[in-house]
Structure formats: structure tokens, C-alpha cells
$ cat start13.txt   # compact mmCIF, C-alpha atoms
# COMPACT_ATOMS: atom_id res chain seq x y z
CA MET A 1 -28.64 -43.51 20.53
CA GLY A 2 -25.53 -44.52 18.62
CA MET A 3 -23.57 -42.71 16.04
CA SER A 4 -22.21 -43.93 12.73
CA ASP A 5 -18.51 -44.01 11.96
CA SER A 6 -18.97 -41.16 9.52
CA CYS A 7 -20.33 -38.97 12.30
CA MET A 8 -17.54 -40.00 14.60
CA SER A 9 -14.78 -39.23 12.13
CA ALA A 10 -13.00 -35.93 12.53
CA PRO A 11 -13.25 -33.27 9.83
CA LYS A 12 -10.52 -33.39 7.26
CA VAL A 13 -8.00 -30.57 7.52
CA THR A 14 -5.42 -29.77 4.90
CA CYS A 15 -2.29 -28.67 6.74
CA LEU A 16 0.46 -26.59 5.21
CA PRO A 17 4.15 -26.85 6.12
CA ARG A 18 4.78 -24.80 9.25
CA LYS A 19 7.81 -22.97 7.87
CA GLN A 20 6.54 -22.44 4.36
CA GLN A 21 7.97 -19.22 2.94
CA GLU A 22 5.30 -16.79 1.77
CA ARG A 23 5.85 -13.68 -0.25
CA VAL A 24 4.90 -10.21 0.89
CA TRP A 25 5.77 -8.43 -2.36
CA THR A 26 3.36 -9.33 -5.16
CA TRP A 27 1.98 -7.37 -8.10
CA ILE A 28 -1.41 -7.04 -6.46
CA PHE A 29 0.19 -5.77 -3.25
CA LEU A 30 2.06 -3.13 -5.29
CA ASP A 31 -1.23 -2.12 -6.93
CA ILE A 32 -2.78 -1.71 -3.48
CA ILE A 33 0.17 0.44 -2.35
CA PHE A 34 -0.13 2.69 -5.43
CA LEU A 35 -3.86 3.12 -4.81
CA SER A 36 -3.12 4.17 -1.24
CA LEU A 37 -0.31 6.46 -2.43
CA LEU A 38 -2.34 8.35 -5.04
CA VAL A 39 -5.47 8.83 -2.96
CA SER A 40 -3.30 10.18 -0.14
CA VAL A 41 -1.55 12.54 -2.58
CA VAL A 42 -4.94 13.99 -3.55
CA CYS A 43 -5.92 14.28 0.10
CA HIS A 44 -2.71 15.99 1.23
CA ALA A 45 -2.57 18.27 -1.81
CA LEU A 46 -5.94 19.72 -0.83
CA TYR A 47 -4.92 19.89 2.83
CA GLY A 48 -1.96 22.02 1.76
CA SER A 49 -3.70 24.34 -0.69
CA LEU A 50 -7.18 25.03 0.70
CA PRO A 51 -6.17 26.80 3.98
CA LEU A 52 -3.86 29.13 2.03
CA TYR A 53 -6.57 29.84 -0.53
CA ILE A 54 -9.18 30.56 2.13
CA GLU A 55 -6.94 32.95 4.08
CA ALA A 56 -5.97 34.69 0.83
CA ILE A 57 -9.61 35.64 0.29
CA GLY A 58 -10.15 36.70 3.91
CA GLY A 59 -11.42 33.47 5.45
CA LYS A 60 -10.74 32.33 9.00
CA ALA A 61 -8.69 29.37 10.15
CA ALA A 62 -11.86 27.97 11.71
CA PHE A 63 -13.48 27.70 8.24
CA SER A 64 -10.45 25.79 6.97
CA GLY A 65 -10.80 23.49 9.94
CA LEU A 66 -14.52 23.14 9.20
CA LEU A 67 -13.74 21.97 5.67
CA THR A 68 -11.38 19.34 7.06
CA ALA A 69 -13.96 18.34 9.68
CA VAL A 70 -16.62 17.88 6.99
CA PHE A 71 -14.14 15.78 5.00
CA ALA A 72 -13.40 13.61 8.03
CA ILE A 73 -17.08 13.23 9.02
CA ALA A 74 -17.87 12.15 5.47
CA ALA A 75 -14.98 9.73 5.66
CA GLY A 76 -16.62 8.23 8.74
CA VAL A 77 -19.85 7.80 6.80
CA GLY A 78 -17.81 6.19 4.04
CA ARG A 79 -16.33 3.68 6.52
CA ILE A 80 -19.83 2.48 7.36
CA MET A 81 -20.76 2.11 3.69
CA THR A 82 -17.42 0.45 2.95
CA GLY A 83 -17.89 -2.17 5.66
CA MET A 84 -21.31 -3.09 4.26
CA ILE A 85 -20.11 -3.34 0.66
CA VAL A 86 -16.90 -5.22 1.47
CA SER A 87 -18.78 -7.84 3.50
CA ARG A 88 -21.11 -8.47 0.55
CA TYR A 89 -19.15 -7.76 -2.64
CA GLY A 90 -15.48 -7.57 -1.64
CA CYS A 91 -12.82 -4.84 -1.67
CA ARG A 92 -12.52 -4.39 -5.43
CA MET A 93 -16.09 -3.12 -5.83
CA VAL A 94 -15.52 -0.62 -3.01
CA LEU A 95 -12.33 0.66 -4.64
CA ILE A 96 -13.99 1.19 -8.03
CA ILE A 97 -17.08 2.96 -6.64
CA SER A 98 -15.00 5.14 -4.30
CA ALA A 99 -12.60 6.17 -7.09
CA ILE A 100 -15.55 7.22 -9.27
CA ILE A 101 -17.11 9.24 -6.42
CA LEU A 102 -13.78 10.96 -5.74
CA THR A 103 -13.30 11.81 -9.40
CA ILE A 104 -16.77 13.36 -9.72
CA ALA A 105 -16.23 15.34 -6.51
CA ASN A 106 -12.88 16.70 -7.76
CA LEU A 107 -14.53 17.83 -10.98
CA GLY A 108 -17.36 19.52 -9.05
CA PRO A 109 -15.71 22.92 -8.38
CA LEU A 110 -15.05 23.32 -12.10
CA VAL A 111 -18.81 23.23 -12.69
CA PHE A 112 -20.01 24.82 -9.43
CA PRO A 113 -17.42 27.33 -8.18
CA GLY A 114 -17.78 29.10 -4.82
CA LEU A 115 -16.87 28.68 -1.16
CA GLY A 116 -20.28 27.38 -0.14
CA VAL A 117 -20.05 24.53 -2.62
CA LEU A 118 -16.73 23.47 -1.08
CA LEU A 119 -18.57 22.07 1.94
CA PHE A 120 -20.49 19.67 -0.31
CA ILE A 121 -17.41 18.92 -2.40
CA ARG A 122 -15.36 18.06 0.68
CA PHE A 123 -18.12 15.76 1.90
CA PHE A 124 -18.08 13.62 -1.24
CA GLN A 125 -14.29 13.76 -1.35
CA GLY A 126 -14.30 12.32 2.16
CA VAL A 127 -16.62 9.49 1.13
CA GLY A 128 -14.44 8.62 -1.86
CA PHE A 129 -11.19 8.89 0.08
CA SER A 130 -12.43 6.74 2.96
CA GLY A 131 -13.64 4.03 0.61
CA ILE A 132 -10.24 3.73 -1.04
CA SER A 133 -8.19 4.01 2.15
CA THR A 134 -10.37 1.48 3.99
CA GLY A 135 -10.58 -0.83 0.99
CA THR A 136 -6.83 -0.86 0.39
CA ALA A 137 -6.05 -1.45 4.08
CA ASN A 138 -8.48 -4.36 4.19
CA ALA A 139 -7.19 -5.74 0.88
CA ALA A 140 -3.60 -5.50 2.09
CA ALA A 141 -4.45 -7.45 5.26
CA GLU A 142 -6.19 -10.12 3.17
CA VAL A 143 -3.38 -10.69 0.65
CA LEU A 144 -0.56 -10.67 3.22
CA PRO A 145 0.53 -13.84 5.06
CA ARG A 146 -0.60 -13.47 8.65
CA SER A 147 2.79 -14.44 10.05
CA ARG A 148 4.22 -11.33 8.38
CA LEU A 149 1.20 -9.07 8.81
CA GLY A 150 2.94 -6.39 10.86
CA GLU A 151 5.83 -6.24 8.41
CA GLY A 152 3.49 -6.12 5.42
CA MET A 153 1.29 -3.38 6.89
CA GLY A 154 4.43 -1.34 7.48
CA TYR A 155 5.32 -1.70 3.81
CA TYR A 156 1.74 -0.83 2.89
CA GLY A 157 2.24 2.45 4.73
CA LEU A 158 5.17 3.36 2.47
CA GLY A 159 2.74 4.78 -0.10
CA GLN A 160 1.20 6.99 2.54
CA SER A 161 4.67 8.03 3.69
CA ILE A 162 5.65 9.19 0.21
CA SER A 163 2.33 10.98 -0.24
CA THR A 164 2.94 13.14 2.84
CA VAL A 165 5.72 14.97 1.01
CA ILE A 166 4.34 14.81 -2.54
CA GLY A 167 0.81 15.87 -1.55
CA PRO A 168 1.48 19.04 0.48
CA SER A 169 4.27 20.10 -1.89
CA LEU A 170 1.94 19.62 -4.85
CA GLY A 171 -0.79 21.60 -3.11
CA TYR A 172 1.62 24.42 -2.22
CA PHE A 173 2.88 24.48 -5.81
CA LEU A 174 -0.62 24.47 -7.30
CA PHE A 175 -1.73 27.31 -5.04
CA GLY A 176 1.24 29.41 -6.13
CA LEU A 177 0.58 28.51 -9.74
CA SER A 178 -3.07 29.50 -9.40
CA GLN A 179 -1.97 33.06 -8.60
CA THR A 180 -0.15 33.41 -11.93
CA THR A 181 -1.99 31.22 -14.45
CA SER A 182 -5.10 32.22 -16.35
CA LEU A 183 -6.84 29.09 -15.08
CA GLY A 184 -6.73 30.43 -11.53
CA THR A 185 -7.78 27.99 -8.81
CA SER A 186 -9.18 25.67 -11.48
CA ILE A 187 -5.64 24.36 -11.96
CA ILE A 188 -5.94 22.71 -8.53
CA TRP A 189 -9.09 20.81 -9.46
CA TYR A 190 -7.86 19.81 -12.91
CA SER A 191 -4.76 18.32 -11.30
CA VAL A 192 -6.45 16.30 -8.55
CA ALA A 193 -9.17 15.11 -10.96
CA SER A 194 -6.48 13.79 -13.32
CA ILE A 195 -5.00 11.73 -10.49
CA SER A 196 -8.48 10.45 -9.64
CA PHE A 197 -8.92 9.02 -13.14
CA ILE A 198 -5.74 6.98 -12.59
CA LEU A 199 -7.26 5.66 -9.37
CA ILE A 200 -10.22 4.26 -11.29
CA GLY A 201 -7.88 2.27 -13.52
CA LEU A 202 -5.84 0.91 -10.59
CA ALA A 203 -9.02 -0.08 -8.76
CA TYR A 204 -10.34 -1.91 -11.82
CA ILE A 205 -7.27 -4.16 -12.06
CA CYS A 206 -7.20 -4.91 -8.32
CA ARG A 207 -8.21 -8.59 -8.52
CA TYR A 208 -6.87 -10.97 -5.89
CA THR A 209 -7.56 -14.13 -3.91
CA ARG A 210 -7.52 -13.89 -0.15
CA ASN A 211 -4.46 -15.42 1.54
CA VAL A 212 -5.81 -18.17 3.82
CA SER A 213 -2.67 -20.28 4.28
CA ASP A 214 -2.11 -19.18 7.87
CA GLU A 215 -5.74 -19.81 8.70
CA LYS A 216 -5.32 -23.40 7.45
CA ASN A 217 -2.27 -23.87 9.63
CA GLU A 218 -4.18 -22.55 12.64
CA THR A 219 -7.05 -24.90 11.86
CA CYS A 220 -4.59 -27.78 11.66
CA GLU A 221 -3.10 -26.97 15.07
CA ASN A 222 -6.49 -26.62 16.70
CA HIS A 223 -7.55 -29.89 15.11
CA GLU A 224 -4.56 -31.77 16.48
CA LYS A 225 -5.12 -30.42 19.98
CA ASN A 226 -8.85 -30.93 20.24
CA VAL A 227 -9.95 -33.82 18.03
CA ASN A 228 -9.63 -36.59 20.67
CA TYR A 229 -11.40 -34.56 23.30
CA GLU A 230 -14.23 -33.74 20.92
CA LYS A 231 -14.72 -37.42 20.02
CA LYS A 232 -15.14 -38.37 23.68
CA GLU A 233 -17.56 -35.56 24.33
CA ILE A 234 -19.62 -36.42 21.25
CA VAL A 235 -19.98 -40.09 22.35
CA LYS A 236 -20.85 -39.14 25.91
CA ASN A 237 -23.33 -36.39 25.26
CA THR A 238 -24.81 -37.21 21.86
CA GLU A 239 -28.44 -37.29 22.87
CA SER A 240 -28.31 -34.18 25.07
CA ASP A 241 -26.31 -32.30 22.45
CA GLU A 242 -28.84 -33.12 19.78
CA ASN A 243 -31.64 -31.82 21.97
CA ILE A 244 -29.72 -28.65 22.78
CA ILE A 245 -28.89 -28.03 19.12
CA SER A 246 -32.50 -28.57 18.08
CA GLN A 247 -33.76 -26.17 20.72
CA SER A 248 -31.08 -23.63 19.81
CA VAL A 249 -32.03 -23.71 16.15
CA LEU A 250 -35.68 -23.22 17.03
CA THR A 251 -35.17 -20.44 19.59
CA THR A 252 -32.25 -18.41 18.14
CA PRO A 253 -33.73 -15.27 16.55
CA SER A 254 -32.59 -14.06 13.17
CA PRO A 255 -30.45 -10.91 13.35
CA SER A 256 -32.30 -7.71 12.56
CA ILE A 257 -31.46 -5.52 9.60
CA PHE A 258 -29.98 -2.95 12.01
CA SER A 259 -27.74 -5.62 13.55
CA ARG A 260 -26.51 -6.77 10.16
CA ILE A 261 -25.71 -3.20 9.10
CA ARG A 262 -23.96 -2.49 12.40
CA ASP A 263 -21.93 -5.69 12.25
CA SER A 264 -20.71 -4.83 8.75
CA PHE A 265 -18.69 -1.86 10.03
CA TYR A 266 -18.45 -2.25 13.82
CA GLU A 267 -16.12 -4.72 15.51
CA ARG A 268 -15.99 -4.49 19.29
CA GLY A 269 -12.48 -5.95 19.53
CA ALA A 270 -11.08 -3.09 17.41
CA VAL A 271 -12.61 -0.28 19.49
CA ALA A 272 -9.66 -0.01 21.90
CA MET A 273 -7.11 0.67 19.16
CA ALA A 274 -9.63 2.93 17.39
CA ILE A 275 -9.81 5.11 20.52
CA VAL A 276 -6.02 5.38 20.76
CA THR A 277 -5.75 6.22 17.07
CA SER A 278 -8.55 8.79 17.39
CA LEU A 279 -6.55 10.65 20.04
CA PHE A 280 -3.41 10.36 17.93
CA MET A 281 -5.16 11.73 14.84
CA PHE A 282 -6.71 14.52 16.92
CA SER A 283 -3.19 15.86 17.45
CA ALA A 284 -1.90 15.00 13.96
CA SER A 285 -4.68 16.99 12.29
CA PHE A 286 -2.86 20.17 13.30
CA TYR A 287 0.05 19.45 10.99
CA SER A 288 -2.04 18.45 7.99
CA SER A 289 -4.43 21.40 8.27
CA PHE A 290 -2.39 24.28 9.67
CA LEU A 291 1.36 23.71 9.32
CA MET A 292 1.50 25.68 6.04
CA LEU A 293 -0.49 28.49 7.65
CA PHE A 294 1.80 28.43 10.71
CA ALA A 295 4.87 28.79 8.50
CA GLU A 296 3.37 31.60 6.44
CA ARG A 297 2.32 33.66 9.46
CA ASN A 298 5.74 33.23 11.06
CA GLY A 299 7.65 34.02 7.87
CA ILE A 300 9.32 30.61 7.62
CA PRO A 301 10.26 29.84 4.00
CA ASN A 302 9.95 26.45 2.28
CA PRO A 303 7.50 24.84 4.72
CA GLN A 304 7.40 21.82 2.38
CA LEU A 305 10.62 20.68 4.05
CA PHE A 306 8.58 19.74 7.13
CA PHE A 307 6.69 17.22 5.01
CA LEU A 308 9.93 16.14 3.35
CA GLY A 309 11.37 15.34 6.78
CA THR A 310 8.15 13.58 7.77
CA ALA A 311 8.01 11.50 4.60
CA GLY A 312 11.71 10.64 4.71
CA ALA A 313 11.48 9.48 8.33
CA MET A 314 8.28 7.51 7.70
CA PHE A 315 9.78 5.87 4.64
CA ALA A 316 12.95 4.91 6.51
CA VAL A 317 11.26 3.47 9.59
CA ARG A 318 8.68 1.56 7.57
CA LEU A 319 11.28 0.19 5.19
CA PHE A 320 13.90 -0.75 7.78
CA GLY A 321 11.78 -0.99 10.93
CA ALA A 322 8.67 -2.66 9.56
CA LYS A 323 9.33 -5.79 11.67
CA LEU A 324 9.57 -3.96 15.00
CA GLY A 325 5.92 -4.59 15.81
CA ASP A 326 6.35 -8.31 15.14
CA ARG A 327 9.62 -8.79 17.05
CA PHE A 328 9.20 -6.63 20.16
CA PRO A 329 6.43 -6.11 22.72
CA PRO A 330 4.11 -3.34 21.42
CA LEU A 331 4.54 -1.02 24.41
CA SER A 332 8.33 -1.07 24.13
CA VAL A 333 7.94 0.44 20.65
CA LEU A 334 4.80 2.58 20.98
CA ILE A 335 5.68 4.62 24.08
CA PRO A 336 9.14 5.86 22.91
CA CYS A 337 7.64 6.86 19.57
CA PHE A 338 4.83 8.75 21.30
CA VAL A 339 7.54 10.67 23.19
CA LEU A 340 9.07 11.69 19.86
CA GLY A 341 5.64 12.87 18.71
CA LEU A 342 5.29 14.95 21.86
CA LEU A 343 8.68 16.56 21.25
CA SER A 344 7.73 17.40 17.66
CA PHE A 345 4.68 19.43 18.72
CA TRP A 346 6.40 21.27 21.55
CA LEU A 347 9.50 22.06 19.48
CA THR A 348 7.29 23.50 16.76
CA ILE A 349 6.22 26.20 19.24
CA VAL A 350 9.71 27.72 19.09
CA ALA A 351 10.41 26.88 15.44
CA ASN A 352 11.62 30.00 13.60
CA CYS A 353 13.47 28.60 10.58
CA THR A 354 13.22 25.96 7.90
CA ALA A 355 15.82 23.75 9.60
CA MET A 356 13.69 23.48 12.73
CA LEU A 357 10.63 22.58 10.68
CA LEU A 358 12.69 19.85 9.04
CA LEU A 359 13.74 18.54 12.48
CA VAL A 360 10.24 18.43 13.93
CA GLY A 361 9.03 16.84 10.71
CA ILE A 362 11.56 14.01 11.17
CA LEU A 363 10.50 13.45 14.78
CA TYR A 364 6.84 13.42 13.81
CA GLY A 365 7.55 11.10 10.88
CA ILE A 366 9.25 8.54 13.12
CA CYS A 367 6.31 8.66 15.52
CA ILE A 368 3.53 8.19 13.00
CA GLY A 369 5.60 5.94 10.72
CA ILE A 370 6.04 3.32 13.43
CA ASN A 371 3.02 3.76 15.68
CA PHE A 372 0.22 3.89 13.13
CA PRO A 373 0.98 0.49 11.50
CA ILE A 374 1.44 -1.12 14.92
CA LEU A 375 -1.91 0.19 16.18
CA ASN A 376 -3.53 -0.98 12.95
CA THR A 377 -1.93 -4.41 13.25
CA LEU A 378 -2.99 -4.71 16.91
CA ALA A 379 -6.57 -4.04 15.85
CA TYR A 380 -6.38 -6.97 13.42
CA ARG A 381 -4.75 -9.28 15.94
CA MET A 382 -7.41 -8.54 18.54
CA THR A 383 -10.16 -9.64 16.17
CA PRO A 384 -10.93 -12.79 14.13
CA SER A 385 -9.86 -12.66 10.49
CA SER A 386 -13.44 -13.28 9.35
CA ARG A 387 -14.29 -9.86 10.84
CA TRP A 388 -11.39 -7.88 9.39
CA HIS A 389 -13.65 -5.91 7.02
CA ALA A 390 -15.44 -4.55 10.11
CA THR A 391 -12.16 -4.17 12.00
CA THR A 392 -10.76 -1.97 9.23
CA ALA A 393 -13.90 0.18 9.19
CA THR A 394 -13.94 0.56 12.99
CA PHE A 395 -10.24 1.41 13.20
CA PHE A 396 -10.36 4.06 10.48
CA LEU A 397 -13.64 5.42 11.80
CA GLY A 398 -11.71 6.24 14.96
CA CYS A 399 -9.13 8.03 12.79
CA ASP A 400 -11.85 10.06 11.08
CA ILE A 401 -13.53 11.10 14.33
CA GLY A 402 -10.25 12.30 15.81
CA TRP A 403 -9.31 14.04 12.57
CA ALA A 404 -12.67 15.82 12.29
CA ILE A 405 -12.83 17.05 15.88
CA GLY A 406 -9.15 17.99 15.90
CA SER A 407 -9.19 19.94 12.63
CA TYR A 408 -12.05 22.17 13.70
CA SER A 409 -10.81 22.49 17.30
CA TRP A 410 -7.33 23.63 16.26
CA GLY A 411 -8.84 26.20 13.90
CA VAL A 412 -10.95 27.68 16.70
CA ILE A 413 -8.04 27.61 19.16
CA ILE A 414 -5.74 29.30 16.64
CA ASP A 415 -8.27 32.08 15.97
CA HIS A 416 -8.80 32.78 19.69
CA PHE A 417 -5.55 31.81 21.45
CA GLY A 418 -2.84 31.45 18.80
CA PHE A 419 -0.59 28.70 17.49
CA SER A 420 1.42 28.18 20.68
CA THR A 421 -1.64 27.17 22.69
CA ALA A 422 -2.76 24.81 19.92
CA LEU A 423 0.65 23.12 19.70
CA PHE A 424 0.99 22.75 23.47
CA SER A 425 -2.48 21.21 23.63
CA ALA A 426 -1.64 18.83 20.77
CA GLY A 427 1.31 17.56 22.80
CA MET A 428 -0.91 17.01 25.83
CA VAL A 429 -3.29 14.89 23.72
CA ILE A 430 -0.29 12.76 22.68
CA ILE A 431 0.45 12.16 26.38
CA LEU A 432 -3.18 11.13 26.87
CA ALA A 433 -3.00 8.72 23.91
CA SER A 434 0.14 7.06 25.28
CA GLY A 435 -1.50 6.66 28.69
CA VAL A 436 -4.59 5.06 27.16
CA VAL A 437 -2.65 2.55 25.04
CA PHE A 438 -0.45 1.66 28.04
CA SER A 439 -3.55 0.98 30.14
CA ILE A 440 -5.25 -1.10 27.41
CA LEU A 441 -2.30 -3.32 26.56
CA ARG A 442 -1.29 -3.90 30.19
CA ARG A 443 -4.86 -4.75 31.21
CA ARG A 444 -5.27 -7.19 28.32
CA ASN A 445 -1.80 -8.68 28.86
CA PHE A 446 -1.09 -8.01 25.20
CA ASN A 447 2.47 -6.83 25.65
CA GLN A 448 4.15 -9.82 24.00
CA SER A 449 5.90 -9.80 20.66
CA GLU A 450 4.32 -11.82 17.86
CA THR A 451 7.39 -13.99 17.53
CA ALA A 452 7.84 -14.60 21.24

$ encode --input "start13.txt" --output "C-alpha cells"
Amino acid sequence: MGMSDSCMSAPKVTCLPRKQQERVWTWIFLDIIFLSLLVSVVCHALYGSLPLYIEAIGGKAAFSGLLTAVFAIAAGVGRIMTGMIVSRYGCRMVLIISAIILTIANLGPLVFPGLGVLLFIRFFQGVGFSGISTGTANAAAEVLPRSRLGEGMGYYGLGQSISTVIGPSLGYFLFGLSQTTSLGTSIIWYSVASISFILIGLAYICRYTRNVSDEKNETCENHEKNVNYEKKEIVKNTESDENIISQSVLTTPSPSIFSRIRDSFYERGAVAMAIVTSLFMFSASFYSSFLMLFAERNGIPNPQLFFLGTAGAMFAVRLFGAKLGDRFPPLSVLIPCFVLGLLSFWLTIVANCTAMLLLVGILYGICIGINFPILNTLAYRMTPSSRWHATTATFFLGCDIGWAIGSYSWGVIIDHFGFSTALFSAGMVIILASGVVFSILRRRNFNQSETA
């Protein structure tokens, strides 16, 4: 059975110049960074203020950890919802809906005050936060040129870097202000709700077209390599191929609703990096949830300087070292930075002054400032770009799981064994994370730089 010339002809591919220069910095990319910055400010402000407030009224560290765990669990639920909505409607719709949910949740305590209500408030805050953080990460990956993805994701993290000093400092300031103002703790919720309204506006203007130039170049290369071989195979096996295709169409079952929902937020190729990040966030949750409490119990003044050191280090390494993940093998960058993270936790055990908190903050900032974007970028590079909405959800779901379990675990450990045990254990989890990522990348032979 012959084939016509039209069937024999190869598909047309529009190829772009190999060395075409593509911009990272665009107005839409800046909008995405500001969205990430402000939602992280809200998140870290509450991390900084709620544990102090709860202890002031006689609550336990475990309850503070429970609030953070509820927030993180809700964020995990939000990742699932985000993956489904992004795959169907795109990132912009997710950002708008999530900003509205977060705003309503931040206004909630003004209408329904009380500790019990905080559990519900933190749940909806987690859903809103996860939608924006997942949506902005996915949007950033889509608007960036793939050849500069690692660099761009490092720049994307600059907003989060800045928020780690603004957020906790704002929370610490608002808690102190709540003790002197007639508004009381309401000043905290008025402040974070005001920021949330800005998020709605930034989400509304977040319109963009996905950057597909690198995909076209890849298609061109694949076309040039395979077109002759495909022509020969088509001529040789036309009749058998037609029979196979016909049978495949008739016998392939339609995916179930459960499968479609699962595929919208779960990407198998991203699980490995999600596990590593989950372990990393398990340790990191100590600093976000209990560093202020650690400083207060040990009489260390100005604990905000820890977050200043963290933010400064993160900003510096992401601004000047954003290309490390693209130029060097991942393990040669990840492992040394994990060592710095280990040192930060174990040095905190003996910290007795503001200067030491600043030092450990710098070490921790270098660790998270370099490693987190690299792990995120590896998750994208291990998966097809058509599945990046699910990759983003899977990766950040791992973050949320580690954050939730860690926050509650450290609270329990602090109540029963003290801060030293918690900090030593956090360092041991960092060692475990470095061992896992070493095993994964060596086994998959993924220890080559992107530019090699």
C-alpha cells in the first residue's frame, strides 16, 4: 500500500537561531517576583509574630508548631488544587483566586477572634499562600528562556530572599506594637490584609505568553537528526504501522477522572528532588517557627539580625551566583552548601549574642539561597516542559510536607528536650538530605553542568 508525497514529507519546523539572545528581565517577570516577595512577607510576618503571641498568653511551643503544620498541610492541599487549575486555565487564574482566598483569611481574625479560630485561619492562609507561590514559580519557569532557566530561577528567588528579613522583622515589630496600641493584636491582621489586597492587583495584571523559543530549537534539532530515519521506517512498515495504530486507538482506554486529577499535580520525575527538598525544609522549619522564641528565651536582643544575615546572604548569592547551577555540576555546588547549612544549625546551639545569630543567619542564607533554586531547577530539567505545572506542584508539595512535619516535631522536641536537641537533630537531617541528593544524582548520572 503506497503513500502519497504529502504523507512522506516531513513536518515543517520553524527553527530559531541557535545563539539568539533572550531576555530574562521583563516587566512580567518583575511582576512575578513582586508577587512572590509580598506573599512571602505575609507568610514570614506571621511566622515571626504568632509564636511570640501564643507564648505571651501561656501557650506551648507545640501549639505554635501545630499552627505552622496546619498551614503547611493546607499548602499541600493548595498544590493539588493549583496543579488542576493551572493545567486547565493557566497561572493567572490561580494567582487571582489564591490572592482573594488569602485576603479573606487574613481578615478572618478581625471578625472571629480567638485561638481556636486560628487553626481554620491558618488552613486557608496555607491554601492561598501555596496557590501564589506555586503559580509564580510555574509562571517564572514558563516566561524564562530555558537556556537560562537556572539563572532566572535564582533571580526569581530574590523576592523570597528579601522577604525573609522584611517578613520576620515586620512580624516582630507588629507584635511589639500590639502590646502598646489600642488595636491590640488586630494591628497584625490589618497589616497583612492590606498587603493581600496589593497581591490581588498584581495577580490581575499578570498576563504573559509562554516562552517556547527553546522548545522550537529542540524540535528543530530532533527533526534534523531523525527525519531521514523516520522516512525509511514509514516506507518499510506502512501497512503494519497502520494496523498497529488502528488497534491502539481502539484498545487504549480513556484515562479515569482520578488519573486526570492525579496527573494535574503529580509528576513522577520530580519526586526525587521533592524528597530532598522535603528533608531540607524539615530542618529549615526550625528557623522560621522558633528562632524568635529561641532568642527570647536565651535573652539575645535583636533576633531580626539573624533574618537580616539570611536575607543578605541569599540576595548576594542569588544575584551574583545565580549561574552556578548552570555552569557547574550540581553536586559540586549542593554538597558544600549543605555543609554550611549543617554548621548554621550546630553553631546556633552555642549562640549567646546577636553577632552569632547574624553569623549563623549568613551561613544558612548561603545554603538555602543556592541550594533551593538548584533543586527546583533540577526538578524542571528532569521532567518534560509540558508537565511543568505538575512538576511545580510536586516539588512544592514536598516542601510543604517537610515544613509541616518539621514545624510540629521541633515544637514537641523543644517542649520535652530543649532547643539544643532540636538544633542538633536539624543538623542531622541536613546530613541525611545531602546523602540522598548525592545518591540520586550519582545514580542518574545527572552530575553534569548545563553548559558542559

$ closest_residue --input "start13.txt" --among "A:Phe417, A:Phe338, A:Phe286, A:Tyr266" --to "Thr394 of chain A" --atoms "only C-alpha atoms"
A:Tyr266

$ residues_around --input "start13.txt" --residues "segment 68-82 of chain A" --least-positions-apart "4" --cutoff "7 Å" --atoms "only C-alpha atoms" --output "ChimeraX atom specification"
/A:64,86,94,119,122-127,129-131,134,265,393,397,400-401,403-405,407-408

$ closest_residue --input "start13.txt" --among "A:Pro330, A:Gly435, A:Pro113, A:Pro51" --to "Arg381 of chain A" --atoms "all atoms listed in the file"
A:Pro330

$ closest_residue --input "start13.txt" --among "A:Leu46, A:Val339, A:Leu308, A:Leu347" --to "Phe290 of chain A" --atoms "all atoms listed in the file"
A:Leu46

$ closest_residue --input "start13.txt" --among "A:Tyr208, A:Phe282, A:Phe197, A:Trp189" --to "Thr26 of chain A" --atoms "all atoms listed in the file"
A:Tyr208

$ atom_distance --input "start13.txt" --atom1 "atom CA of Ser278 of chain A" --atom2 "atom CA of Ile431 of chain A"
13.2 Å

$ residues_around --input "start13.txt" --residues "Gly201 of chain A" --least-positions-apart "4" --cutoff "10 Å" --atoms "only C-alpha atoms" --output "list of chain:residue names"
A:Leu35, A:Ile96, A:Ala99, A:Ser196, A:Phe197, A:Ile205, A:Cys206

$ atom_distance --input "start13.txt" --atom1 "atom CA of Glu267 of chain A" --atom2 "atom CA of Thr391 of chain A"
5.3 Å

$ closest_residue --input "start13.txt" --among "A:Ser332, A:Ser385, A:Thr277, A:Ser425" --to "Gly402 of chain A" --atoms "only C-alpha atoms"
A:Thr277

$ closest_residue --input "start13.txt" --among "A:Met153, A:Ala270, A:Leu170, A:Ala355" --to "Arg387 of chain A" --atoms "all atoms listed in the file"
A:Ala270

$ atom_distance --input "start13.txt" --atom1 "atom CA of Val429 of chain A" --atom2 "atom CA of Ile366 of chain A"
17.6 Å
